[in-house]
>>> print(open('run_39.cif').read())   # mmCIF, C-alpha atoms and all ligand atoms
data_data
#
loop_
_atom_site.group_PDB
_atom_site.id
_atom_site.type_symbol
_atom_site.label_atom_id
_atom_site.label_comp_id
_atom_site.auth_asym_id
_atom_site.auth_seq_id
_atom_site.Cartn_x
_atom_site.Cartn_y
_atom_site.Cartn_z
ATOM 1 C CA MET R 52 83.235 -144.863 -98.796
ATOM 2 C CA ALA R 53 82.582 -141.449 -97.309
ATOM 3 C CA PHE R 54 81.048 -138.601 -99.207
ATOM 4 C CA ALA R 55 80.874 -134.994 -98.230
ATOM 5 C CA ALA R 56 77.882 -133.036 -99.373
ATOM 6 C CA GLY R 57 77.767 -132.705 -103.155
ATOM 7 C CA MET R 58 78.252 -129.461 -104.966
ATOM 8 C CA ALA R 59 74.830 -128.019 -104.296
ATOM 9 C CA GLN R 60 74.193 -124.661 -105.900
ATOM 10 C CA GLN R 61 72.606 -123.111 -102.873
ATOM 11 C CA GLN R 62 75.487 -123.702 -100.498
ATOM 12 C CA ASP R 63 77.920 -120.853 -99.967
ATOM 13 C CA HIS R 64 80.835 -123.202 -99.510
ATOM 14 C CA PRO R 65 79.924 -126.433 -101.255
ATOM 15 C CA SER R 66 82.412 -129.249 -101.076
ATOM 16 C CA LEU R 67 83.547 -131.813 -103.581
ATOM 17 C CA PRO R 68 82.865 -135.495 -103.043
ATOM 18 C CA ILE R 69 85.628 -137.055 -100.948
ATOM 19 C CA ILE R 70 86.224 -140.597 -102.088
ATOM 20 C CA ASP R 71 88.117 -143.128 -100.032
ATOM 21 C CA PHE R 72 90.242 -144.871 -102.666
ATOM 22 C CA SER R 73 91.357 -147.761 -100.438
ATOM 23 C CA ALA R 74 88.650 -150.133 -101.641
ATOM 24 C CA PHE R 75 89.980 -149.759 -105.174
ATOM 25 C CA LEU R 76 93.541 -150.397 -104.067
ATOM 26 C CA ASP R 77 92.765 -153.491 -101.969
ATOM 27 C CA GLY R 78 90.267 -154.788 -104.537
ATOM 28 C CA SER R 79 87.339 -154.958 -102.089
ATOM 29 C CA GLY R 80 85.183 -152.393 -103.881
ATOM 30 C CA LYS R 81 86.825 -151.470 -107.138
ATOM 31 C CA GLN R 82 83.730 -150.856 -109.214
ATOM 32 C CA ALA R 83 81.965 -148.744 -106.577
ATOM 33 C CA VAL R 84 84.994 -146.491 -106.065
ATOM 34 C CA ALA R 85 85.569 -146.162 -109.803
ATOM 35 C CA ASN R 86 81.910 -145.340 -110.439
ATOM 36 C CA ALA R 87 81.900 -142.676 -107.723
ATOM 37 C CA MET R 88 85.062 -141.097 -109.088
ATOM 38 C CA LEU R 89 83.763 -141.013 -112.646
ATOM 39 C CA SER R 90 80.429 -139.657 -111.568
ATOM 40 C CA SER R 91 82.148 -136.705 -109.919
ATOM 41 C CA LEU R 92 84.419 -136.143 -112.929
ATOM 42 C CA GLN R 93 81.312 -136.123 -115.109
ATOM 43 C CA SER R 94 79.272 -133.762 -113.002
ATOM 44 C CA ILE R 95 81.908 -131.421 -111.546
ATOM 45 C CA GLY R 96 85.186 -132.380 -113.195
ATOM 46 C CA PHE R 97 86.879 -132.505 -109.776
ATOM 47 C CA VAL R 98 87.081 -134.981 -106.914
ATOM 48 C CA TYR R 99 88.969 -135.414 -103.642
ATOM 49 C CA LEU R 100 90.652 -138.759 -103.000
ATOM 50 C CA THR R 101 91.853 -140.066 -99.654
ATOM 51 C CA ASN R 102 93.800 -143.276 -98.965
ATOM 52 C CA HIS R 103 95.172 -143.149 -102.494
ATOM 53 C CA GLY R 104 98.340 -145.027 -101.625
ATOM 54 C CA LEU R 105 100.845 -142.152 -101.618
ATOM 55 C CA SER R 106 102.636 -141.845 -98.309
ATOM 56 C CA ASP R 107 102.449 -138.605 -96.302
ATOM 57 C CA ASN R 108 106.201 -138.795 -96.123
ATOM 58 C CA ASP R 109 106.685 -138.676 -99.901
ATOM 59 C CA VAL R 110 104.352 -135.707 -100.199
ATOM 60 C CA GLN R 111 105.941 -133.889 -97.265
ATOM 61 C CA ASN R 112 109.411 -134.440 -98.744
ATOM 62 C CA ILE R 113 108.606 -132.606 -101.943
ATOM 63 C CA PHE R 114 106.790 -129.808 -100.113
ATOM 64 C CA ASN R 115 109.928 -129.316 -98.014
ATOM 65 C CA TRP R 116 111.831 -128.397 -101.184
ATOM 66 C CA THR R 117 109.273 -125.816 -102.267
ATOM 67 C CA CYS R 118 110.295 -123.539 -99.396
ATOM 68 C CA ASP R 119 113.802 -123.030 -100.781
ATOM 69 C CA ASP R 120 114.423 -119.915 -102.838
ATOM 70 C CA PRO R 121 114.631 -121.032 -106.456
ATOM 71 C CA PRO R 122 116.802 -118.556 -108.402
ATOM 72 C CA PHE R 123 117.046 -120.788 -111.425
ATOM 73 C CA THR R 124 115.789 -121.396 -114.919
ATOM 74 C CA GLY R 125 113.011 -123.897 -115.425
ATOM 75 C CA TYR R 126 111.508 -121.425 -113.065
ATOM 76 C CA SER R 127 108.781 -118.893 -113.936
ATOM 77 C CA PRO R 128 108.929 -115.727 -111.843
ATOM 78 C CA PRO R 129 105.737 -113.989 -110.750
ATOM 79 C CA GLY R 130 103.720 -112.692 -113.696
ATOM 80 C CA LEU R 131 105.454 -114.641 -116.484
ATOM 81 C CA GLU R 132 102.780 -117.182 -117.267
ATOM 82 C CA LYS R 133 99.679 -115.546 -118.554
ATOM 83 C CA ILE R 134 96.500 -117.489 -118.297
ATOM 84 C CA SER R 135 95.023 -116.262 -121.540
ATOM 85 C CA GLN R 136 91.733 -118.059 -121.430
ATOM 86 C CA VAL R 137 88.775 -115.871 -120.811
ATOM 87 C CA VAL R 138 86.310 -117.711 -118.665
ATOM 88 C CA GLU R 139 82.791 -116.431 -119.041
ATOM 89 C CA GLY R 140 81.886 -113.977 -116.315
ATOM 90 C CA ASP R 141 85.373 -114.011 -114.811
ATOM 91 C CA LEU R 142 86.454 -110.433 -115.122
ATOM 92 C CA GLU R 143 89.807 -110.699 -113.381
ATOM 93 C CA LYS R 144 92.381 -108.583 -115.130
ATOM 94 C CA GLY R 145 95.203 -108.848 -112.623
ATOM 95 C CA LYS R 146 98.409 -110.707 -113.306
ATOM 96 C CA ASP R 147 98.988 -113.992 -111.546
ATOM 97 C CA VAL R 148 101.344 -113.408 -108.634
ATOM 98 C CA LYS R 149 102.980 -116.789 -108.368
ATOM 99 C CA GLU R 150 106.305 -118.432 -109.043
ATOM 100 C CA SER R 151 106.810 -121.950 -110.222
ATOM 101 C CA PHE R 152 109.346 -124.575 -111.125
ATOM 102 C CA GLU R 153 108.504 -127.197 -113.698
ATOM 103 C CA SER R 154 110.119 -130.494 -114.518
ATOM 104 C CA GLY R 155 109.332 -133.646 -116.417
ATOM 105 C CA ARG R 156 111.047 -136.921 -117.146
ATOM 106 C CA GLU R 157 114.771 -136.678 -117.738
ATOM 107 C CA GLU R 158 114.730 -138.195 -121.245
ATOM 108 C CA ASP R 159 112.225 -135.706 -122.658
ATOM 109 C CA GLU R 160 113.874 -134.205 -125.742
ATOM 110 C CA LEU R 161 110.963 -132.022 -126.733
ATOM 111 C CA MET R 162 110.858 -130.144 -123.421
ATOM 112 C CA PRO R 163 114.172 -130.891 -121.702
ATOM 113 C CA ASN R 164 114.484 -130.204 -117.993
ATOM 114 C CA ILE R 165 116.514 -127.195 -116.950
ATOM 115 C CA TRP R 166 118.121 -127.891 -113.592
ATOM 116 C CA LEU R 167 120.187 -125.815 -111.223
ATOM 117 C CA PRO R 168 123.921 -125.728 -111.748
ATOM 118 C CA ASP R 169 125.662 -128.674 -110.106
ATOM 119 C CA GLY R 170 126.249 -128.083 -106.440
ATOM 120 C CA VAL R 171 123.357 -125.651 -105.973
ATOM 121 C CA LEU R 172 120.574 -127.093 -103.833
ATOM 122 C CA PRO R 173 121.964 -130.645 -103.853
ATOM 123 C CA GLY R 174 119.241 -133.292 -103.862
ATOM 124 C CA PHE R 175 116.581 -131.054 -105.452
ATOM 125 C CA LYS R 176 116.756 -132.654 -108.895
ATOM 126 C CA GLU R 177 116.594 -136.164 -107.428
ATOM 127 C CA ALA R 178 113.626 -135.165 -105.237
ATOM 128 C CA CYS R 179 111.702 -133.802 -108.243
ATOM 129 C CA LEU R 180 112.432 -136.874 -110.338
ATOM 130 C CA ASP R 181 111.554 -139.264 -107.501
ATOM 131 C CA PHE R 182 108.244 -137.529 -106.922
ATOM 132 C CA PHE R 183 107.554 -137.392 -110.674
ATOM 133 C CA TRP R 184 107.770 -141.196 -110.870
ATOM 134 C CA ILE R 185 105.846 -141.721 -107.617
ATOM 135 C CA CYS R 186 103.011 -139.630 -109.047
ATOM 136 C CA PHE R 187 103.113 -141.623 -112.272
ATOM 137 C CA GLN R 188 102.304 -144.779 -110.264
ATOM 138 C CA LEU R 189 99.318 -143.021 -108.734
ATOM 139 C CA GLU R 190 98.221 -141.734 -112.139
ATOM 140 C CA LYS R 191 98.257 -145.288 -113.509
ATOM 141 C CA THR R 192 96.040 -146.492 -110.663
ATOM 142 C CA ILE R 193 93.558 -143.697 -111.273
ATOM 143 C CA LEU R 194 93.578 -144.477 -115.012
ATOM 144 C CA LYS R 195 92.783 -148.110 -114.226
ATOM 145 C CA ALA R 196 89.749 -146.996 -112.237
ATOM 146 C CA LEU R 197 88.666 -144.815 -115.132
ATOM 147 C CA ALA R 198 88.906 -147.714 -117.583
ATOM 148 C CA ILE R 199 86.653 -150.052 -115.665
ATOM 149 C CA VAL R 200 83.780 -147.597 -115.644
ATOM 150 C CA PHE R 201 83.862 -147.545 -119.431
ATOM 151 C CA ASN R 202 83.837 -151.371 -119.322
ATOM 152 C CA LEU R 203 87.315 -151.397 -120.805
ATOM 153 C CA PRO R 204 90.284 -153.531 -119.748
ATOM 154 C CA GLU R 205 92.052 -151.927 -116.768
ATOM 155 C CA ASP R 206 95.138 -151.175 -118.808
ATOM 156 C CA TYR R 207 93.226 -149.418 -121.599
ATOM 157 C CA PHE R 208 94.386 -145.887 -120.737
ATOM 158 C CA LEU R 209 97.830 -147.065 -119.621
ATOM 159 C CA SER R 210 98.752 -147.880 -123.194
ATOM 160 C CA PHE R 211 98.293 -144.191 -124.028
ATOM 161 C CA HIS R 212 100.277 -142.987 -121.004
ATOM 162 C CA THR R 213 103.562 -144.868 -121.141
ATOM 163 C CA LYS R 214 106.404 -142.364 -121.366
ATOM 164 C CA PRO R 215 104.997 -140.362 -119.466
ATOM 165 C CA ASP R 216 104.755 -136.895 -121.035
ATOM 166 C CA ASN R 217 103.777 -135.380 -117.698
ATOM 167 C CA GLN R 218 104.805 -132.257 -115.860
ATOM 168 C CA LEU R 219 105.447 -131.666 -112.183
ATOM 169 C CA ARG R 220 104.937 -128.063 -111.111
ATOM 170 C CA LEU R 221 106.039 -126.646 -107.768
ATOM 171 C CA LEU R 222 103.991 -123.540 -107.126
ATOM 172 C CA HIS R 223 104.468 -120.761 -104.629
ATOM 173 C CA TYR R 224 101.956 -117.965 -104.192
ATOM 174 C CA PRO R 225 103.728 -115.255 -102.163
ATOM 175 C CA SER R 226 101.966 -113.389 -99.417
ATOM 176 C CA VAL R 227 100.088 -110.466 -101.031
ATOM 177 C CA PRO R 228 97.827 -107.657 -99.825
ATOM 178 C CA LEU R 229 94.273 -108.954 -99.360
ATOM 179 C CA HIS R 230 92.839 -105.729 -100.757
ATOM 180 C CA ALA R 231 94.779 -106.030 -104.032
ATOM 181 C CA LEU R 232 93.567 -109.605 -104.463
ATOM 182 C CA GLU R 233 89.965 -108.803 -103.665
ATOM 183 C CA THR R 234 89.872 -105.809 -105.986
ATOM 184 C CA HIS R 235 91.395 -107.869 -108.829
ATOM 185 C CA GLN R 236 94.525 -105.719 -109.156
ATOM 186 C CA ILE R 237 96.375 -108.998 -108.837
ATOM 187 C CA SER R 238 95.384 -112.629 -108.806
ATOM 188 C CA ARG R 239 96.899 -115.890 -107.637
ATOM 189 C CA ILE R 240 95.907 -117.912 -110.698
ATOM 190 C CA ASN R 241 93.147 -116.732 -112.983
ATOM 191 C CA GLY R 242 90.275 -118.927 -114.151
ATOM 192 C CA HIS R 243 91.499 -121.598 -116.574
ATOM 193 C CA THR R 244 91.066 -125.232 -117.464
ATOM 194 C CA ASP R 245 93.946 -127.716 -117.476
ATOM 195 C CA PHE R 246 94.652 -129.234 -120.836
ATOM 196 C CA GLY R 247 95.965 -132.765 -120.337
ATOM 197 C CA SER R 248 94.213 -135.956 -119.283
ATOM 198 C CA LEU R 249 94.174 -135.553 -115.512
ATOM 199 C CA THR R 250 95.740 -133.259 -112.941
ATOM 200 C CA ILE R 251 96.661 -134.532 -109.492
ATOM 201 C CA LEU R 252 96.902 -131.611 -107.091
ATOM 202 C CA PHE R 253 98.652 -131.515 -103.731
ATOM 203 C CA GLN R 254 98.084 -128.397 -101.649
ATOM 204 C CA ASP R 255 99.017 -127.025 -98.281
ATOM 205 C CA ASP R 256 96.359 -126.050 -95.751
ATOM 206 C CA VAL R 257 96.039 -122.389 -96.764
ATOM 207 C CA GLY R 258 93.178 -122.854 -99.221
ATOM 208 C CA GLY R 259 91.762 -120.629 -101.927
ATOM 209 C CA LEU R 260 91.088 -123.120 -104.738
ATOM 210 C CA GLU R 261 87.790 -122.313 -106.432
ATOM 211 C CA VAL R 262 85.937 -124.297 -109.093
ATOM 212 C CA GLU R 263 83.382 -122.972 -111.554
ATOM 213 C CA ASP R 264 79.875 -124.067 -110.665
ATOM 214 C CA PRO R 265 78.785 -126.301 -113.575
ATOM 215 C CA HIS R 266 75.209 -125.083 -113.134
ATOM 216 C CA SER R 267 76.130 -121.435 -113.111
ATOM 217 C CA PRO R 268 78.863 -120.420 -115.580
ATOM 218 C CA GLY R 269 81.060 -117.631 -114.247
ATOM 219 C CA ARG R 270 80.278 -118.406 -110.614
ATOM 220 C CA PHE R 271 83.310 -119.808 -108.838
ATOM 221 C CA VAL R 272 82.904 -121.581 -105.525
ATOM 222 C CA SER R 273 85.390 -122.524 -102.856
ATOM 223 C CA VAL R 274 85.953 -126.257 -102.670
ATOM 224 C CA GLN R 275 88.278 -126.488 -99.716
ATOM 225 C CA PRO R 276 86.811 -128.798 -97.073
ATOM 226 C CA ALA R 277 86.876 -127.076 -93.707
ATOM 227 C CA PRO R 278 88.904 -128.241 -91.914
ATOM 228 C CA PRO R 279 91.217 -129.618 -94.646
ATOM 229 C CA VAL R 280 91.208 -133.419 -94.912
ATOM 230 C CA PRO R 281 94.732 -134.624 -94.079
ATOM 231 C CA GLY R 282 96.413 -136.593 -96.860
ATOM 232 C CA SER R 283 93.715 -135.816 -99.420
ATOM 233 C CA ILE R 284 94.497 -134.964 -103.012
ATOM 234 C CA VAL R 285 92.432 -133.250 -105.663
ATOM 235 C CA VAL R 286 92.028 -134.935 -109.051
ATOM 236 C CA ASN R 287 90.564 -133.027 -111.956
ATOM 237 C CA ALA R 288 90.012 -133.796 -115.605
ATOM 238 C CA GLY R 289 91.711 -131.764 -118.334
ATOM 239 C CA ASP R 290 90.470 -130.617 -121.723
ATOM 240 C CA PHE R 291 92.143 -133.483 -123.563
ATOM 241 C CA LEU R 292 90.259 -136.082 -121.509
ATOM 242 C CA MET R 293 87.037 -134.144 -121.970
ATOM 243 C CA ARG R 294 87.463 -134.268 -125.724
ATOM 244 C CA TRP R 295 88.635 -137.902 -125.621
ATOM 245 C CA SER R 296 85.532 -138.826 -123.617
ATOM 246 C CA ASN R 297 83.287 -137.203 -126.217
ATOM 247 C CA ASP R 298 82.503 -134.509 -123.639
ATOM 248 C CA THR R 299 81.079 -136.996 -121.129
ATOM 249 C CA ILE R 300 83.782 -136.020 -118.604
ATOM 250 C CA ARG R 301 83.986 -132.379 -117.637
ATOM 251 C CA SER R 302 87.125 -130.211 -117.638
ATOM 252 C CA THR R 303 86.074 -127.450 -115.290
ATOM 253 C CA ALA R 304 87.548 -123.977 -114.972
ATOM 254 C CA HIS R 305 89.220 -123.238 -111.661
ATOM 255 C CA ARG R 306 91.259 -120.484 -110.060
ATOM 256 C CA VAL R 307 92.962 -119.575 -106.806
ATOM 257 C CA ARG R 308 91.770 -116.617 -104.748
ATOM 258 C CA SER R 309 92.066 -115.619 -101.109
ATOM 259 C CA PRO R 310 91.146 -118.374 -98.674
ATOM 260 C CA PRO R 311 87.442 -118.297 -97.767
ATOM 261 C CA GLY R 312 86.604 -116.438 -94.579
ATOM 262 C CA LEU R 313 90.145 -115.152 -94.164
ATOM 263 C CA VAL R 314 90.496 -112.639 -91.356
ATOM 264 C CA SER R 315 93.814 -110.916 -91.855
ATOM 265 C CA VAL R 316 95.223 -108.866 -89.006
ATOM 266 C CA ASP R 317 98.081 -107.460 -91.100
ATOM 267 C CA GLY R 318 96.103 -106.995 -94.333
ATOM 268 C CA LEU R 319 98.039 -109.800 -96.016
ATOM 269 C CA VAL R 320 96.966 -113.122 -97.471
ATOM 270 C CA PRO R 321 99.317 -115.880 -96.269
ATOM 271 C CA GLU R 322 101.652 -117.457 -98.793
ATOM 272 C CA ARG R 323 100.461 -120.715 -100.298
ATOM 273 C CA TYR R 324 102.224 -123.728 -101.785
ATOM 274 C CA SER R 325 100.712 -126.263 -104.132
ATOM 275 C CA ILE R 326 102.014 -129.000 -106.407
ATOM 276 C CA PRO R 327 100.004 -129.910 -109.479
ATOM 277 C CA TYR R 328 101.088 -132.980 -111.457
ATOM 278 C CA PHE R 329 99.797 -132.677 -115.008
ATOM 279 C CA CYS R 330 99.178 -136.020 -116.711
ATOM 280 C CA CYS R 331 99.178 -136.070 -120.496
ATOM 281 C CA ALA R 332 98.748 -138.842 -123.035
ATOM 282 C CA ASP R 333 101.976 -139.729 -124.860
ATOM 283 C CA PHE R 334 102.578 -136.976 -127.389
ATOM 284 C CA SER R 335 103.087 -139.555 -130.119
ATOM 285 C CA THR R 336 99.682 -141.186 -129.711
ATOM 286 C CA ILE R 337 96.589 -140.388 -131.686
ATOM 287 C CA VAL R 338 93.378 -140.823 -129.779
ATOM 288 C CA ASP R 339 89.836 -141.294 -130.935
ATOM 289 C CA ALA R 340 86.711 -141.114 -128.740
ATOM 290 C CA ILE R 341 86.852 -143.614 -125.843
ATOM 291 C CA PRO R 342 84.818 -146.743 -126.612
ATOM 292 C CA GLY R 343 81.638 -146.469 -124.560
ATOM 293 C CA SER R 344 81.592 -142.670 -124.753
ATOM 294 C CA TRP R 345 79.783 -142.608 -128.069
ATOM 295 C CA SER R 346 76.903 -144.424 -129.716
ATOM 296 C CA VAL R 347 74.495 -144.069 -132.605
ATOM 297 C CA GLU R 348 72.433 -141.714 -130.445
ATOM 298 C CA LYS R 349 75.505 -139.828 -129.212
ATOM 299 C CA PRO R 350 77.881 -139.751 -132.176
ATOM 300 C CA LYS R 351 81.538 -138.769 -131.929
ATOM 301 C CA LYS R 352 81.890 -134.995 -131.741
ATOM 302 C CA TYR R 353 85.558 -134.760 -132.695
ATOM 303 C CA PRO R 354 87.936 -136.359 -135.191
ATOM 304 C CA PRO R 355 90.996 -138.254 -133.878
ATOM 305 C CA ILE R 356 93.846 -136.026 -132.695
ATOM 306 C CA SER R 357 97.424 -136.457 -131.538
ATOM 307 C CA ALA R 358 98.207 -135.443 -127.971
ATOM 308 C CA ALA R 359 101.205 -133.419 -129.185
ATOM 309 C CA GLU R 360 99.120 -131.358 -131.551
ATOM 310 C CA TYR R 361 96.601 -130.622 -128.856
ATOM 311 C CA VAL R 362 98.861 -129.974 -125.870
ATOM 312 C CA LEU R 363 101.590 -127.968 -127.620
ATOM 313 C CA GLU R 364 99.027 -125.602 -129.075
ATOM 314 C CA ARG R 365 97.660 -124.991 -125.587
ATOM 315 C CA LEU R 366 101.107 -124.604 -124.035
ATOM 316 C CA ALA R 367 102.107 -122.024 -126.651
ATOM 317 C CA ALA R 368 99.063 -119.941 -125.805
ATOM 318 C CA ASN R 369 100.086 -119.689 -122.144
ATOM 319 C CA TYR R 370 103.472 -118.041 -122.585
HETATM 320 O O1 LIG Z 1 97.487 -123.928 -106.923
HETATM 321 C C1 LIG Z 1 96.456 -124.568 -107.140
HETATM 322 O O2 LIG Z 1 95.789 -125.059 -106.235
HETATM 323 C C2 LIG Z 1 95.959 -124.757 -108.550
HETATM 324 C C3 LIG Z 1 97.018 -124.649 -109.595
HETATM 325 C C4 LIG Z 1 96.485 -124.823 -110.970
HETATM 326 O O3 LIG Z 1 95.297 -124.862 -111.192
HETATM 327 C C5 LIG Z 1 97.411 -124.987 -112.111
HETATM 328 O O4 LIG Z 1 98.628 -124.806 -111.941
HETATM 329 O O5 LIG Z 1 96.929 -125.308 -113.219
HETATM 330 FE FE FE Z 2 94.878 -125.721 -113.114
#
>>> encode(input="run_39.cif", output="C-alpha cells", more="lines below")
Ligand SMILES: O=C(O)CCC(=O)C(=O)O
Ligand SMILES: [Fe+2]
Amino acid sequence: MAFAAGMAQQQDHPSLPIIDFSAFLDGSGKQAVANAMLSSLQSIGFVYLTNHGLSDNDVQNIFNWTCDDPPFTGYSPPGLEKISQVVEGDLEKGKDVKESFESGREEDELMPNIWLPDGVLPGFKEACLDFFWICFQLEKTILKALAIVFNLPEDYFLSFHTKPDNQLRLLHYPSVPLHALETHQISRINGHTDFGSLTILFQDDVGGLEVEDPHSPGRFVSVQPAPPVPGSIVVNAGDFLMRWSNDTIRSTAHRVRSPPGLVSVDGLVPERYSIPYFCCADFSTIVDAIPGSWSVEKPKKYPPISAAEYVLERLAANY
C-alpha cells in the first residue's frame, strides 16, 4: 500500500493519502486497506483510491459523453444551483459557473430521470445508466471495507443501500477568466459538504479541488497530487454518514477553484470536467448510530432518522 504525505498543516500543497485498493479486492490485505481508508475518512473526510476495480475504459466512456453540448432538461445551466451553505471563513460570494446533468436509476418515482427527446444524442441515456450501475458495484465494495473496520459483517451497510437512491452528476466548468475567479466575482463550486453517505469523484487532469483543512477551519487546501495519479478516484464522506457514524467520520467542506500554480497565457482558466457519484442510503430506511461508533463513554449524539427526511431537506435548500 502506498501513501503520499498526509495532510500536514504546514505544507502549501498537502496531498491526501493514496490507498491502493487492490489488496482489499483480492483479499490479501482487506483489513489493512479498510483501516487505512477509514482512518483517512476520520481525519480528513477524503481519500484517493487506486486499483479500485473500475476499468479506465468505463471511466473514459462516460467522460467522452460530457463533451457533448447538453441542451436538455435534467440539466442545470450555469448559476442555477446555489450552494447555500456558508462555510466559516469562506467569503466567496460569486455564483458557481458550472453546468451539470443529473440522473439516477430509471425506476425512481420520487426523482424521475428527465432524458433527451428520443433520437437526440443516441446512446447517452444508456451510457449514463450503465455507468450508474458500474459505480454502484464500486460503492458496494467500498461499503464492505467500511463495515469491517466497525467489526460488522461485510454486508452491514449494503442492506441500507439496496435500491440505490444515488445520483450521477456530469459536471462541466467552462473556461472562465482567471481574474474573475481569483477575485471571487465568480466561482466554480463554492465551499459545501456533500450530504449522502459517500461521494465517489472522477475528475479530469485540470485540477482545482480544494478541501477544508480540518485543523484550520476556513482554510482550503489543494489536494490534487502533482502530477495527477492515473486511474485514481476521490472518495469522500457525506453529512449523512458523519451523523450515522456518531460524528466519528468527517464530512469535510470542499470547493473547486483555479488549478494550483496555473500560469495562464490568455488570462483564462481551462475548462474542467468532473463526475461525482453521490451515494445515499435508501430513502425508506431509518438509521441509528452505527454499532461500534458509540459507547457508554461516547453516547449517541443523534436520534434515528430516515434518509429521505435528511436528504430531501438538504436537496431543497440547494435549489
Ligand atoms: O467538481 C468537483 O471536483 C467537485 C464537485 C462537487 O464537490 C459536487 O458536485 O458536490
Ligand atoms: Fe461536493
>>> axis_aligned_box(input="run_39.cif", around="ligand LIG 1 (chain Z)", padding_each_side="5 Å", output="JSON")
{"center_x": 97.0, "center_y": -124.6, "center_z": -109.7, "size_x": 13.3, "size_y": 11.4, "size_z": 17.0}
>>> closest_residue(input="run_39.cif", among="R:Gly258, R:Gly343, R:Pro311, R:Gly155", to="ligand LIG 1 (chain Z)", atoms="only C-alpha atoms and all ligand atoms")
R:Gly258
>>> resolve_selection(input="run_39.cif", expression="the PyMOL selection byres (((chain R and resi 304) around 9) and not hetatm)", output="PDB file with C-alpha atoms, keeping the file's coordinate frame")
ATOM      1  CA  GLY R  96      85.186-132.380-113.195  1.00  0.00           C
ATOM      2  CA  VAL R 138      86.310-117.711-118.665  1.00  0.00           C
ATOM      3  CA  GLY R 242      90.275-118.927-114.151  1.00  0.00           C
ATOM      4  CA  HIS R 243      91.499-121.598-116.574  1.00  0.00           C
ATOM      5  CA  THR R 244      91.066-125.232-117.464  1.00  0.00           C
ATOM      6  CA  ASP R 245      93.946-127.716-117.476  1.00  0.00           C
ATOM      7  CA  GLU R 261      87.790-122.313-106.432  1.00  0.00           C
ATOM      8  CA  VAL R 262      85.937-124.297-109.093  1.00  0.00           C
ATOM      9  CA  GLU R 263      83.382-122.972-111.554  1.00  0.00           C
ATOM     10  CA  ASP R 264      79.875-124.067-110.665  1.00  0.00           C
ATOM     11  CA  PHE R 271      83.310-119.808-108.838  1.00  0.00           C
ATOM     12  CA  SER R 302      87.125-130.211-117.638  1.00  0.00           C
ATOM     13  CA  THR R 303      86.074-127.450-115.290  1.00  0.00           C
ATOM     14  CA  HIS R 305      89.220-123.238-111.661  1.00  0.00           C
ATOM     15  CA  ARG R 306      91.259-120.484-110.060  1.00  0.00           C
TER      16      ARG R 306
END
>>> residues_near_ligand(input="run_39.cif", ligand="ligand LIG 1 (chain Z)", cutoff="6 Å", atoms="only C-alpha atoms and all ligand atoms", output="VMD selection string")
chain R and resid 245 260 325 327
>>> closest_residue(input="run_39.cif", among="R:Arg220, R:Arg270, R:Lys195, R:His212", to="Ala358 in chain R", atoms="all atoms listed in the file")
R:His212
>>> closest_residue(input="run_39.cif", among="R:Leu363, R:Asp77, R:Asp71, R:Ala332", to="Leu292 in chain R", atoms="all atoms listed in the file")
R:Ala332
>>> closest_residue(input="run_39.cif", among="R:Leu252, R:Ala178, R:Leu197, R:Cys330", to="Phe291 in chain R", atoms="only C-alpha atoms")
R:Cys330
>>> closest_residue(input="run_39.cif", among="R:Arg294, R:Arg239, R:Lys351, R:Lys176", to="ligand FE 2 (chain Z)", atoms="all atoms listed in the file")
R:Arg239
>>> atom_distance(input="run_39.cif", atom1="CA of Val200 in chain R", atom2="CA of Pro276 in chain R")
26.6 Å
>>> closest_residue(input="run_39.cif", among="R:Pro279, R:Pro268, R:Leu319, R:Asn241", to="ligand FE 2 (chain Z)", atoms="only C-alpha atoms and all ligand atoms")
R:Asn241
>>> residues_around(input="run_39.cif", residues="Leu100 in chain R", least_positions_apart="5", cutoff="8 Å", atoms="only C-alpha atoms", output="ChimeraX atom specification")
/R:69-72,283-286
>>> resolve_selection(input="run_39.cif", expression="the PyMOL selection byres (((chain R and resi 299) around 10) and not hetatm)", output="list of chain:residue names")
R:Leu89, R:Ser90, R:Leu92, R:Gln93, R:Ser94, R:Leu292, R:Met293, R:Arg294, R:Trp295, R:Ser296, R:Asn297, R:Asp298, R:Ile300, R:Arg301, R:Ser302, R:Ile341, R:Ser344, R:Trp345
